[in-house]
Amino acid sequence: MGRIIFYEDRNFQGRSYETSNDCSDTSSYLSRCQSCRVESGSVVVYDRPNFMGNQYLLRRGDYSDYMSMMGMRDCIRSCRIIPMHRNQYRMRLYDRENFGGQMHELTDDCDNIMDRYNMSDCQSCQVLEGHWVLNEQPHYRGRMVYVRPGEYRSLRDVGMGVMRVMSVRRLMDN
């Protein structure tokens, strides 16, 4: 399981808060969060409370000045700890909302869904097994959205907004 320590100021200064669980609002513990240390596992951090806003995947390591390293406008406001997953990975992508239209099942990473599946957009998905990251650009670049097992009838409702899904990767254990 992942573990993260948040610090109010850059360079691991100021008050700190440590957790191994999801945190929907870091302001319950700190006035702001501008650096962090991921002690183990992987964590998705958000720049708004309640797992909203821009998302960033952090792996084990030190992030001494989170705002300048990630280009955030604000500080970390919430986080999800990514649970370990050692089984297979399965996900279905659909080019329309509510699981409509063309469907493709993935069991591995896809660096460009347009090239591989001739799919210009992905508007809904079903995560059957594993934890995944959807990226707005090919080759796992650009903004990202984390999805865990479940049904996502509209990716716009989980933070994609007007963003298009162009690549998909599995979150593998460190």
# chains A, B, ... in the order shown; residues from 1 in each chain; ligands from 1
call {"tool": "residues_around", "arguments": {"residues": "Gln13 of chain A", "least_positions_apart": "5", "cutoff": "9 Å", "atoms": "only C-alpha atoms", "output": "number ranges by chain"}}
result
A: 7-8, 35
call {"tool": "select_by_dssp", "arguments": {"residues": "segment 35-162 of chain A", "states": "strand (DSSP E or B)", "output": "PyMOL selection string"}}
result
chain A and resi 35-48+52-63+78-82+90-96+100-106+110+124-129+132-137+141-147+150-152
call {"tool": "residues_around", "arguments": {"residues": "segment 82-89 of chain A", "least_positions_apart": "2", "cutoff": "12 Å", "atoms": "only C-alpha atoms", "output": "ChimeraX atom specification"}}
result
/A:1-4,20-22,38,40-45,57-60,79-80,91-92,105-109,126-133,146-149,168-174
call {"tool": "select_by_dssp", "arguments": {"residues": "chain A", "states": "alpha helix (DSSP H)", "output": "VMD selection string"}}
result
chain A and resid 66 to 70 113 to 117
call {"tool": "closest_residue", "arguments": {"among": "A:Asp95, A:Asp9, A:Asp62, A:Asp47", "to": "Arg32 of chain A", "atoms": "only C-alpha atoms"}}
result
A:Asp9
call {"tool": "residues_around", "arguments": {"residues": "His139 of chain A", "least_positions_apart": "4", "cutoff": "12 Å", "atoms": "only C-alpha atoms", "output": "PyMOL selection string"}}
result
chain A and resi 109-115+133-135+143-144+165-169
call {"tool": "atom_distance", "arguments": {"atom1": "atom CA of Arg156 of chain A", "atom2": "atom CA of Glu97 of chain A"}}
result
9.3 Å
call {"tool": "residues_around", "arguments": {"residues": "Gly100 of chain A", "least_positions_apart": "5", "cutoff": "10 Å", "atoms": "only C-alpha atoms", "output": "ChimeraX atom specification"}}
result
/A:93-95,123-125,153
call {"tool": "write_last_selection", "arguments": {"atoms": "all heavy atoms", "output": "PDB file, in the first residue's frame"}}
result
ATOM      1  N   LEU A  93     -12.991   0.230 -23.841  1.00  0.00           N
ATOM      2  CA  LEU A  93     -13.141   1.616 -24.281  1.00  0.00           C
ATOM      3  C   LEU A  93     -14.271   1.694 -25.293  1.00  0.00           C
ATOM      4  O   LEU A  93     -14.385   0.820 -26.158  1.00  0.00           O
ATOM      5  CB  LEU A  93     -11.854   2.108 -24.955  1.00  0.00           C
ATOM      6  CG  LEU A  93     -10.580   2.114 -24.141  1.00  0.00           C
ATOM      7  CD1 LEU A  93      -9.419   2.554 -25.018  1.00  0.00           C
ATOM      8  CD2 LEU A  93     -10.717   3.018 -22.931  1.00  0.00           C
ATOM      9  N   TYR A  94     -15.077   2.743 -25.197  1.00  0.00           N
ATOM     10  CA  TYR A  94     -16.194   2.968 -26.122  1.00  0.00           C
ATOM     11  C   TYR A  94     -16.061   4.359 -26.713  1.00  0.00           C
ATOM     12  O   TYR A  94     -15.700   5.302 -26.013  1.00  0.00           O
ATOM     13  CB  TYR A  94     -17.531   2.854 -25.389  1.00  0.00           C
ATOM     14  CG  TYR A  94     -17.764   1.505 -24.761  1.00  0.00           C
ATOM     15  CD1 TYR A  94     -17.269   1.216 -23.491  1.00  0.00           C
ATOM     16  CD2 TYR A  94     -18.486   0.519 -25.436  1.00  0.00           C
ATOM     17  CE1 TYR A  94     -17.490  -0.027 -22.906  1.00  0.00           C
ATOM     18  CE2 TYR A  94     -18.701  -0.725 -24.856  1.00  0.00           C
ATOM     19  CZ  TYR A  94     -18.200  -0.985 -23.593  1.00  0.00           C
ATOM     20  OH  TYR A  94     -18.407  -2.213 -23.014  1.00  0.00           O
ATOM     21  N   ASP A  95     -16.434   4.495 -27.981  1.00  0.00           N
ATOM     22  CA  ASP A  95     -16.301   5.811 -28.606  1.00  0.00           C
ATOM     23  C   ASP A  95     -17.504   6.717 -28.368  1.00  0.00           C
ATOM     24  O   ASP A  95     -17.501   7.864 -28.796  1.00  0.00           O
ATOM     25  CB  ASP A  95     -15.961   5.700 -30.096  1.00  0.00           C
ATOM     26  CG  ASP A  95     -17.051   5.114 -30.958  1.00  0.00           C
ATOM     27  OD1 ASP A  95     -18.050   4.598 -30.416  1.00  0.00           O
ATOM     28  OD2 ASP A  95     -16.901   5.157 -32.194  1.00  0.00           O
ATOM     29  N   GLN A 123     -15.370   8.087 -25.126  1.00  0.00           N
ATOM     30  CA  GLN A 123     -16.257   8.857 -24.266  1.00  0.00           C
ATOM     31  C   GLN A 123     -16.767   8.098 -23.052  1.00  0.00           C
ATOM     32  O   GLN A 123     -17.362   8.695 -22.160  1.00  0.00           O
ATOM     33  CB  GLN A 123     -17.425   9.386 -25.088  1.00  0.00           C
ATOM     34  CG  GLN A 123     -16.968  10.379 -26.134  1.00  0.00           C
ATOM     35  CD  GLN A 123     -18.136  11.013 -26.860  1.00  0.00           C
ATOM     36  OE1 GLN A 123     -19.289  10.901 -26.467  1.00  0.00           O
ATOM     37  NE2 GLN A 123     -17.843  11.704 -27.938  1.00  0.00           N
ATOM     38  N   SER A 124     -16.570   6.773 -23.022  1.00  0.00           N
ATOM     39  CA  SER A 124     -16.955   5.990 -21.848  1.00  0.00           C
ATOM     40  C   SER A 124     -16.058   4.763 -21.755  1.00  0.00           C
ATOM     41  O   SER A 124     -15.404   4.396 -22.732  1.00  0.00           O
ATOM     42  CB  SER A 124     -18.436   5.586 -21.900  1.00  0.00           C
ATOM     43  OG  SER A 124     -18.716   4.808 -23.042  1.00  0.00           O
ATOM     44  N   CYS A 125     -16.004   4.162 -20.563  1.00  0.00           N
ATOM     45  CA  CYS A 125     -15.183   2.963 -20.398  1.00  0.00           C
ATOM     46  C   CYS A 125     -15.685   2.142 -19.219  1.00  0.00           C
ATOM     47  O   CYS A 125     -16.391   2.644 -18.340  1.00  0.00           O
ATOM     48  CB  CYS A 125     -13.710   3.306 -20.231  1.00  0.00           C
ATOM     49  SG  CYS A 125     -13.266   4.076 -18.666  1.00  0.00           S
ATOM     50  N   ARG A 153     -19.750   5.960 -17.432  1.00  0.00           N
ATOM     51  CA  ARG A 153     -20.679   6.197 -18.539  1.00  0.00           C
ATOM     52  C   ARG A 153     -20.345   7.444 -19.343  1.00  0.00           C
ATOM     53  O   ARG A 153     -20.685   7.552 -20.509  1.00  0.00           O
ATOM     54  CB  ARG A 153     -22.109   6.280 -18.012  1.00  0.00           C
ATOM     55  CG  ARG A 153     -22.588   4.971 -17.443  1.00  0.00           C
ATOM     56  CD  ARG A 153     -24.051   5.024 -17.028  1.00  0.00           C
ATOM     57  NE  ARG A 153     -24.495   3.701 -16.653  1.00  0.00           N
ATOM     58  CZ  ARG A 153     -24.825   2.738 -17.519  1.00  0.00           C
ATOM     59  NH1 ARG A 153     -24.774   2.970 -18.811  1.00  0.00           N
ATOM     60  NH2 ARG A 153     -25.204   1.556 -17.097  1.00  0.00           N
TER      61      ARG A 153
END
call {"tool": "atom_distance", "arguments": {"atom1": "atom CA of Arg37 of chain A", "atom2": "atom CA of Met52 of chain A"}}
result
21.0 Å
call {"tool": "closest_residue", "arguments": {"among": "A:Ser78, A:His104, A:Tyr46, A:Gly61", "to": "Asp25 of chain A", "atoms": "only C-alpha atoms"}}
result
A:Ser78
call {"tool": "residues_around", "arguments": {"residues": "Ser64 of chain A", "least_positions_apart": "4", "cutoff": "7 Å", "atoms": "only C-alpha atoms", "output": "ChimeraX atom specification"}}
result
/A:10-12,35-36
